[in-house]
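A quick write-up on the structure given underneath.
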Amino acid sequence: MTERKLIYKSPGISATDGAGVKLRRMIGTDEIPNLDPFLMLDEFKSDSPEDYVAGFPDHPHRGFETVTYLLEGVMEHNDSKGNRGILETGGVQWMTAGRGIVHSEMPKQKDGMLRGYQLWVNLPAKQKMIEPGYFDVFRKDWARSEFGKSYIDVLTGKINGSIGPAVSKTPMLYAHFYIQPNDTISIPVAENWNGFTHVAEGEVEIGKEILKSGFIGIFGQGTIITISNPSATKLAEGILILGEPIGEQVVQYGPFVMNTKEEIMQAFSDYQSGNFGR
């Protein structure tokens with residue numbers, strides 16, 4: 001058994017996306033271009049409507065999956081396959097772009113806090129051109145793994161017999177941990193999977209490293225992850241994500257992620273000719 005340590009930590013960078021939504025980009029930056037199989041992680045968090053009200057109008061994707069997890073607020077998903085979903089506090093929208101889809105994610109609120117994450121998960125070459133798909137997962141349906149007073153809720157993957165309800169095309173673990181003051185949790189993980197954690201509230205200690213709220217921490221290799229809450233009074237919580245590396249060349253241009261430049265050019269051509277739907 002080998003304890004995983006943090007090999008890198010960062011507060012991310014300020015960015016805008018969609019029609020001007022302000023966010024923090026954690027993966028998909030010059031510091032962390034990607035972490036195979038993860039292409040991008042954005043944290044959005046604001047109670048100022050001007051930071052988010054314009055939302056993410058219609059835009060295309062090809063070659064990967066998007067996982068949008070809303071911690072607070074209300075958003076609406078619509079796509080060119082006729083799917084529609086209302087994402088409320090604690091909910092998840094899981095979309096497989098596959099061979100091509102056009103979708104929008106728009107706030108359904110005019111004020112208040114909008115807060116959550118969007119993760120881009122790569123697809124292997126053999127699955128990049130599969131049919132697009134979409135499903136919702138409600139927070140009450142996540143599987144819970146208990147560690148005394150602390151616990152981890154699992155969206156996809158498995159922790160100590162608790163299996164998440166979502167099925168990802170790329171083998172991965174997506175979980176949200178809640179660690180009580182002065183408590184510690186340890187979980188076994190696949191040794192060769194890449195992974196990270198992002199602290200949503202409080203702070204955690206991993207090895208001898210302190211990771212504060214708003215920071216992402218990238219794990220080294222190992223078979224055990226141990227996370228402690230050093231606070232005597234405050235709850236620590238955040239997301240824990242690991243995935244099996246695909247190990248293929250990644251060629252990305254904006255919303256298209258393929259394996260060659262020729263495939264990227266074909267994606268533009270297909271989108272412009274209406275093959276992604278409208």
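How things are named: the first chain in the structure tokens is A, the next is B, and so on; residues count from 1 in each chain; ligands count from 1 in the order shown.
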Using only C-alpha atoms, determine which residues lie at most 8 Å from range 112-127 of chain A, disregarding the query and same-chain residues fewer than 5 positions distant; provide the list as a PDB file with N, CA, C and O atoms, in the first residue's frame.
```pdb
ATOM      1  N   ASP A  36      -4.808  13.448 -18.150  1.00  0.00           N
ATOM      2  CA  ASP A  36      -5.422  12.308 -18.830  1.00  0.00           C
ATOM      3  C   ASP A  36      -6.149  11.374 -17.845  1.00  0.00           C
ATOM      4  O   ASP A  36      -5.537  10.879 -16.894  1.00  0.00           O
ATOM      5  N   PRO A  37      -7.482  11.188 -18.002  1.00  0.00           N
ATOM      6  CA  PRO A  37      -8.331  11.502 -19.155  1.00  0.00           C
ATOM      7  C   PRO A  37      -9.090  12.823 -19.033  1.00  0.00           C
ATOM      8  O   PRO A  37     -10.037  13.062 -19.796  1.00  0.00           O
ATOM      9  N   PHE A  38      -8.719  13.692 -18.086  1.00  0.00           N
ATOM     10  CA  PHE A  38      -9.473  14.913 -17.853  1.00  0.00           C
ATOM     11  C   PHE A  38      -8.888  16.066 -18.656  1.00  0.00           C
ATOM     12  O   PHE A  38      -7.683  16.318 -18.629  1.00  0.00           O
ATOM     13  N   LEU A  39      -9.765  16.769 -19.366  1.00  0.00           N
ATOM     14  CA  LEU A  39      -9.354  17.826 -20.281  1.00  0.00           C
ATOM     15  C   LEU A  39      -9.500  19.212 -19.667  1.00  0.00           C
ATOM     16  O   LEU A  39      -8.733  20.120 -19.985  1.00  0.00           O
ATOM     17  N   MET A  40     -10.498  19.370 -18.803  1.00  0.00           N
ATOM     18  CA  MET A  40     -10.775  20.694 -18.247  1.00  0.00           C
ATOM     19  C   MET A  40     -11.604  20.551 -16.981  1.00  0.00           C
ATOM     20  O   MET A  40     -12.445  19.657 -16.874  1.00  0.00           O
ATOM     21  N   LEU A  41     -11.345  21.426 -16.008  1.00  0.00           N
ATOM     22  CA  LEU A  41     -12.207  21.573 -14.839  1.00  0.00           C
ATOM     23  C   LEU A  41     -12.399  23.053 -14.584  1.00  0.00           C
ATOM     24  O   LEU A  41     -11.426  23.787 -14.418  1.00  0.00           O
ATOM     25  N   ASP A  42     -13.646  23.492 -14.562  1.00  0.00           N
ATOM     26  CA  ASP A  42     -13.995  24.867 -14.228  1.00  0.00           C
ATOM     27  C   ASP A  42     -14.802  24.883 -12.937  1.00  0.00           C
ATOM     28  O   ASP A  42     -15.681  24.029 -12.727  1.00  0.00           O
ATOM     29  N   GLU A  43     -14.508  25.852 -12.087  1.00  0.00           N
ATOM     30  CA  GLU A  43     -15.343  26.132 -10.922  1.00  0.00           C
ATOM     31  C   GLU A  43     -16.032  27.472 -11.161  1.00  0.00           C
ATOM     32  O   GLU A  43     -15.358  28.473 -11.447  1.00  0.00           O
ATOM     33  N   PHE A  44     -17.353  27.497 -11.080  1.00  0.00           N
ATOM     34  CA  PHE A  44     -18.075  28.770 -11.166  1.00  0.00           C
ATOM     35  C   PHE A  44     -18.747  29.012  -9.821  1.00  0.00           C
ATOM     36  O   PHE A  44     -19.336  28.108  -9.217  1.00  0.00           O
ATOM     37  N   LYS A  45     -18.619  30.233  -9.335  1.00  0.00           N
ATOM     38  CA  LYS A  45     -19.108  30.558  -7.993  1.00  0.00           C
ATOM     39  C   LYS A  45     -19.286  32.064  -7.866  1.00  0.00           C
ATOM     40  O   LYS A  45     -18.316  32.810  -7.821  1.00  0.00           O
ATOM     41  N   SER A  46     -20.534  32.518  -7.865  1.00  0.00           N
ATOM     42  CA  SER A  46     -20.794  33.947  -7.733  1.00  0.00           C
ATOM     43  C   SER A  46     -22.243  34.190  -7.323  1.00  0.00           C
ATOM     44  O   SER A  46     -23.147  33.467  -7.748  1.00  0.00           O
ATOM     45  N   ASP A  47     -22.447  35.218  -6.496  1.00  0.00           N
ATOM     46  CA  ASP A  47     -23.805  35.655  -6.181  1.00  0.00           C
ATOM     47  C   ASP A  47     -24.124  36.979  -6.872  1.00  0.00           C
ATOM     48  O   ASP A  47     -25.106  37.639  -6.549  1.00  0.00           O
ATOM     49  N   SER A  48     -23.270  37.351  -7.851  1.00  0.00           N
ATOM     50  CA  SER A  48     -23.506  38.560  -8.646  1.00  0.00           C
ATOM     51  C   SER A  48     -24.063  38.158 -10.002  1.00  0.00           C
ATOM     52  O   SER A  48     -23.353  37.518 -10.798  1.00  0.00           O
ATOM     53  N   PRO A  49     -25.308  38.486 -10.307  1.00  0.00           N
ATOM     54  CA  PRO A  49     -25.930  38.052 -11.568  1.00  0.00           C
ATOM     55  C   PRO A  49     -25.125  38.411 -12.813  1.00  0.00           C
ATOM     56  O   PRO A  49     -25.098  37.643 -13.771  1.00  0.00           O
ATOM     57  N   TYR A  52     -22.893  35.682 -14.202  1.00  0.00           N
ATOM     58  CA  TYR A  52     -23.354  34.396 -14.740  1.00  0.00           C
ATOM     59  C   TYR A  52     -24.635  34.433 -15.559  1.00  0.00           C
ATOM     60  O   TYR A  52     -24.940  33.476 -16.265  1.00  0.00           O
ATOM     61  N   GLY A  63     -16.333  14.611 -29.284  1.00  0.00           N
ATOM     62  CA  GLY A  63     -15.178  13.822 -28.872  1.00  0.00           C
ATOM     63  C   GLY A  63     -14.954  13.611 -27.392  1.00  0.00           C
ATOM     64  O   GLY A  63     -13.943  13.010 -27.009  1.00  0.00           O
ATOM     65  N   PHE A  64     -15.877  14.065 -26.511  1.00  0.00           N
ATOM     66  CA  PHE A  64     -15.668  13.916 -25.073  1.00  0.00           C
ATOM     67  C   PHE A  64     -17.009  13.979 -24.338  1.00  0.00           C
ATOM     68  O   PHE A  64     -18.071  14.091 -24.962  1.00  0.00           O
ATOM     69  N   GLU A  65     -16.941  13.897 -23.005  1.00  0.00           N
ATOM     70  CA  GLU A  65     -18.136  14.019 -22.171  1.00  0.00           C
ATOM     71  C   GLU A  65     -18.011  15.238 -21.264  1.00  0.00           C
ATOM     72  O   GLU A  65     -16.907  15.609 -20.862  1.00  0.00           O
ATOM     73  N   THR A  66     -19.138  15.866 -20.947  1.00  0.00           N
ATOM     74  CA  THR A  66     -19.163  16.962 -19.979  1.00  0.00           C
ATOM     75  C   THR A  66     -19.982  16.533 -18.770  1.00  0.00           C
ATOM     76  O   THR A  66     -21.048  15.931 -18.903  1.00  0.00           O
ATOM     77  N   VAL A  67     -19.456  16.856 -17.581  1.00  0.00           N
ATOM     78  CA  VAL A  67     -20.153  16.558 -16.334  1.00  0.00           C
ATOM     79  C   VAL A  67     -20.313  17.871 -15.579  1.00  0.00           C
ATOM     80  O   VAL A  67     -19.326  18.469 -15.139  1.00  0.00           O
ATOM     81  N   THR A  68     -21.549  18.328 -15.448  1.00  0.00           N
ATOM     82  CA  THR A  68     -21.837  19.588 -14.770  1.00  0.00           C
ATOM     83  C   THR A  68     -22.512  19.289 -13.440  1.00  0.00           C
ATOM     84  O   THR A  68     -23.576  18.671 -13.399  1.00  0.00           O
ATOM     85  N   TYR A  69     -21.883  19.704 -12.350  1.00  0.00           N
ATOM     86  CA  TYR A  69     -22.357  19.434 -10.990  1.00  0.00           C
ATOM     87  C   TYR A  69     -22.674  20.777 -10.337  1.00  0.00           C
ATOM     88  O   TYR A  69     -21.790  21.614 -10.160  1.00  0.00           O
ATOM     89  N   LEU A  70     -23.945  20.978  -9.986  1.00  0.00           N
ATOM     90  CA  LEU A  70     -24.378  22.255  -9.434  1.00  0.00           C
ATOM     91  C   LEU A  70     -24.489  22.158  -7.914  1.00  0.00           C
ATOM     92  O   LEU A  70     -25.287  21.379  -7.391  1.00  0.00           O
ATOM     93  N   LEU A  71     -23.679  22.938  -7.207  1.00  0.00           N
ATOM     94  CA  LEU A  71     -23.724  22.966  -5.749  1.00  0.00           C
ATOM     95  C   LEU A  71     -24.826  23.886  -5.236  1.00  0.00           C
ATOM     96  O   LEU A  71     -25.432  23.625  -4.194  1.00  0.00           O
ATOM     97  N   GLU A  72     -25.061  24.980  -5.968  1.00  0.00           N
ATOM     98  CA  GLU A  72     -26.135  25.914  -5.612  1.00  0.00           C
ATOM     99  C   GLU A  72     -26.666  26.552  -6.884  1.00  0.00           C
ATOM    100  O   GLU A  72     -25.898  26.871  -7.793  1.00  0.00           O
ATOM    101  N   GLY A  73     -27.991  26.762  -6.939  1.00  0.00           N
ATOM    102  CA  GLY A  73     -28.588  27.465  -8.062  1.00  0.00           C
ATOM    103  C   GLY A  73     -29.485  26.585  -8.906  1.00  0.00           C
ATOM    104  O   GLY A  73     -29.806  25.448  -8.557  1.00  0.00           O
ATOM    105  N   VAL A  74     -29.877  27.134 -10.078  1.00  0.00           N
ATOM    106  CA  VAL A  74     -30.744  26.432 -11.016  1.00  0.00           C
ATOM    107  C   VAL A  74     -30.283  26.752 -12.440  1.00  0.00           C
ATOM    108  O   VAL A  74     -30.096  27.926 -12.795  1.00  0.00           O
ATOM    109  N   GLY A  98     -19.897  12.748 -28.057  1.00  0.00           N
ATOM    110  CA  GLY A  98     -19.717  11.773 -29.125  1.00  0.00           C
ATOM    111  C   GLY A  98     -19.407  12.436 -30.449  1.00  0.00           C
ATOM    112  O   GLY A  98     -18.584  13.348 -30.536  1.00  0.00           O
ATOM    113  N   LYS A 169     -18.202   6.612 -19.758  1.00  0.00           N
ATOM    114  CA  LYS A 169     -17.577   5.823 -20.820  1.00  0.00           C
ATOM    115  C   LYS A 169     -16.122   5.516 -20.482  1.00  0.00           C
ATOM    116  O   LYS A 169     -15.608   4.454 -20.814  1.00  0.00           O
ATOM    117  N   THR A 170     -15.466   6.465 -19.833  1.00  0.00           N
ATOM    118  CA  THR A 170     -14.079   6.290 -19.399  1.00  0.00           C
ATOM    119  C   THR A 170     -14.086   5.914 -17.921  1.00  0.00           C
ATOM    120  O   THR A 170     -14.672   6.629 -17.113  1.00  0.00           O
ATOM    121  N   ILE A 246      -6.132   7.377 -20.823  1.00  0.00           N
ATOM    122  CA  ILE A 246      -6.407   6.812 -22.144  1.00  0.00           C
ATOM    123  C   ILE A 246      -5.109   6.571 -22.900  1.00  0.00           C
ATOM    124  O   ILE A 246      -4.973   5.590 -23.636  1.00  0.00           O
ATOM    125  N   GLU A 248      -3.680   8.340 -25.386  1.00  0.00           N
ATOM    126  CA  GLU A 248      -3.696   8.639 -26.824  1.00  0.00           C
ATOM    127  C   GLU A 248      -3.374  10.112 -27.053  1.00  0.00           C
ATOM    128  O   GLU A 248      -3.528  10.944 -26.161  1.00  0.00           O
ATOM    129  N   VAL A 257     -12.461  17.850 -29.475  1.00  0.00           N
ATOM    130  CA  VAL A 257     -11.295  17.136 -28.948  1.00  0.00           C
ATOM    131  C   VAL A 257     -11.178  15.811 -29.686  1.00  0.00           C
ATOM    132  O   VAL A 257     -11.984  14.898 -29.487  1.00  0.00           O
ATOM    133  N   MET A 258     -10.148  15.719 -30.536  1.00  0.00           N
ATOM    134  CA  MET A 258      -9.979  14.523 -31.349  1.00  0.00           C
ATOM    135  C   MET A 258      -8.535  14.022 -31.215  1.00  0.00           C
ATOM    136  O   MET A 258      -7.811  14.424 -30.313  1.00  0.00           O
ATOM    137  N   ASN A 259      -8.114  13.160 -32.140  1.00  0.00           N
ATOM    138  CA  ASN A 259      -6.771  12.585 -32.069  1.00  0.00           C
ATOM    139  C   ASN A 259      -5.821  13.119 -33.136  1.00  0.00           C
ATOM    140  O   ASN A 259      -4.613  12.934 -33.021  1.00  0.00           O
TER     141      ASN A 259
END
```
Identify, on the basis of only C-alpha atoms, every residue whose closest approach to Ala190 in chain A does not exceed 9 Å; exclude the query and any residue fewer than 5 positions from it along the same chain; express the result as JSON, numbers by chain. {"A": [222, 223, 224, 242, 243, 244]}
File dump, residues just selected, C-alpha atoms, as a PDB file, in the first residue's frame:
```
ATOM      1  CA  GLY A 222      -0.194   5.310  -5.031  1.00  0.00           C
ATOM      2  CA  THR A 223      -2.940   3.012  -3.798  1.00  0.00           C
ATOM      3  CA  ILE A 224      -4.306   4.926  -0.777  1.00  0.00           C
ATOM      4  CA  LEU A 242      -9.677   9.958 -10.513  1.00  0.00           C
ATOM      5  CA  GLY A 243      -9.687   8.372 -13.947  1.00  0.00           C
ATOM      6  CA  GLU A 244      -7.955   5.712 -16.001  1.00  0.00           C
TER       7      GLU A 244
END
```
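Considering the residues A:Gln109, A:Thr16, A:Gln93, A:Thr184 and counting only C-alpha atoms, Ala236 in chain A has its shortest atom-to-atom contact with A:Thr184.
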Identify, on the basis of only C-alpha atoms, every residue whose closest approach to range 13-15 of chain A does not exceed 8 Å; exclude the query and any residue fewer than 4 positions from it along the same chain; express the result as a PDB file with all heavy atoms, in the first residue's frame.
```pdb
ATOM      1  N   LYS A  22     -18.123  34.336 -15.559  1.00  0.00           N
ATOM      2  CA  LYS A  22     -16.846  34.384 -14.865  1.00  0.00           C
ATOM      3  C   LYS A  22     -16.644  33.099 -14.061  1.00  0.00           C
ATOM      4  O   LYS A  22     -17.569  32.621 -13.400  1.00  0.00           O
ATOM      5  CB  LYS A  22     -16.776  35.602 -13.942  1.00  0.00           C
ATOM      6  CG  LYS A  22     -16.764  36.926 -14.699  1.00  0.00           C
ATOM      7  CD  LYS A  22     -16.614  38.105 -13.760  1.00  0.00           C
ATOM      8  CE  LYS A  22     -16.586  39.422 -14.525  1.00  0.00           C
ATOM      9  NZ  LYS A  22     -16.457  40.596 -13.616  1.00  0.00           N
ATOM     10  N   LEU A  23     -15.426  32.549 -14.132  1.00  0.00           N
ATOM     11  CA  LEU A  23     -15.146  31.281 -13.473  1.00  0.00           C
ATOM     12  C   LEU A  23     -13.668  31.178 -13.136  1.00  0.00           C
ATOM     13  O   LEU A  23     -12.867  32.035 -13.486  1.00  0.00           O
ATOM     14  CB  LEU A  23     -15.600  30.114 -14.368  1.00  0.00           C
ATOM     15  CG  LEU A  23     -15.174  30.147 -15.851  1.00  0.00           C
ATOM     16  CD1 LEU A  23     -13.778  29.586 -16.049  1.00  0.00           C
ATOM     17  CD2 LEU A  23     -16.164  29.384 -16.712  1.00  0.00           C
ATOM     18  N   ARG A  24     -13.315  30.085 -12.450  1.00  0.00           N
ATOM     19  CA  ARG A  24     -11.923  29.741 -12.180  1.00  0.00           C
ATOM     20  C   ARG A  24     -11.607  28.465 -12.937  1.00  0.00           C
ATOM     21  O   ARG A  24     -12.270  27.437 -12.749  1.00  0.00           O
ATOM     22  CB  ARG A  24     -11.681  29.500 -10.681  1.00  0.00           C
ATOM     23  CG  ARG A  24     -11.981  30.672  -9.774  1.00  0.00           C
ATOM     24  CD  ARG A  24     -11.007  31.797  -9.912  1.00  0.00           C
ATOM     25  NE  ARG A  24      -9.637  31.414  -9.573  1.00  0.00           N
ATOM     26  CZ  ARG A  24      -8.608  32.276  -9.633  1.00  0.00           C
ATOM     27  NH1 ARG A  24      -8.801  33.521 -10.042  1.00  0.00           N
ATOM     28  NH2 ARG A  24      -7.397  31.873  -9.302  1.00  0.00           N
ATOM     29  N   ARG A  25     -10.617  28.516 -13.819  1.00  0.00           N
ATOM     30  CA  ARG A  25     -10.223  27.332 -14.591  1.00  0.00           C
ATOM     31  C   ARG A  25      -9.102  26.621 -13.836  1.00  0.00           C
ATOM     32  O   ARG A  25      -8.046  27.192 -13.578  1.00  0.00           O
ATOM     33  CB  ARG A  25      -9.796  27.718 -15.992  1.00  0.00           C
ATOM     34  CG  ARG A  25      -9.452  26.527 -16.879  1.00  0.00           C
ATOM     35  CD  ARG A  25      -9.835  26.798 -18.318  1.00  0.00           C
ATOM     36  NE  ARG A  25     -11.285  26.884 -18.472  1.00  0.00           N
ATOM     37  CZ  ARG A  25     -11.887  27.420 -19.535  1.00  0.00           C
ATOM     38  NH1 ARG A  25     -11.165  27.939 -20.524  1.00  0.00           N
ATOM     39  NH2 ARG A  25     -13.211  27.455 -19.601  1.00  0.00           N
ATOM     40  N   MET A  26      -9.344  25.382 -13.489  1.00  0.00           N
ATOM     41  CA  MET A  26      -8.406  24.593 -12.686  1.00  0.00           C
ATOM     42  C   MET A  26      -7.560  23.657 -13.543  1.00  0.00           C
ATOM     43  O   MET A  26      -6.360  23.489 -13.312  1.00  0.00           O
ATOM     44  CB  MET A  26      -9.176  23.776 -11.644  1.00  0.00           C
ATOM     45  CG  MET A  26      -9.985  24.620 -10.691  1.00  0.00           C
ATOM     46  SD  MET A  26      -8.911  25.601  -9.620  1.00  0.00           S
ATOM     47  CE  MET A  26     -10.104  26.740  -8.918  1.00  0.00           C
ATOM     48  N   THR A  29      -5.299  24.783 -18.326  1.00  0.00           N
ATOM     49  CA  THR A  29      -4.528  26.024 -18.252  1.00  0.00           C
ATOM     50  C   THR A  29      -3.088  25.743 -18.681  1.00  0.00           C
ATOM     51  O   THR A  29      -2.698  24.600 -18.916  1.00  0.00           O
ATOM     52  CB  THR A  29      -4.518  26.560 -16.809  1.00  0.00           C
ATOM     53  OG1 THR A  29      -3.763  25.652 -15.983  1.00  0.00           O
ATOM     54  CG2 THR A  29      -5.928  26.686 -16.255  1.00  0.00           C
TER      55      THR A  29
END
```
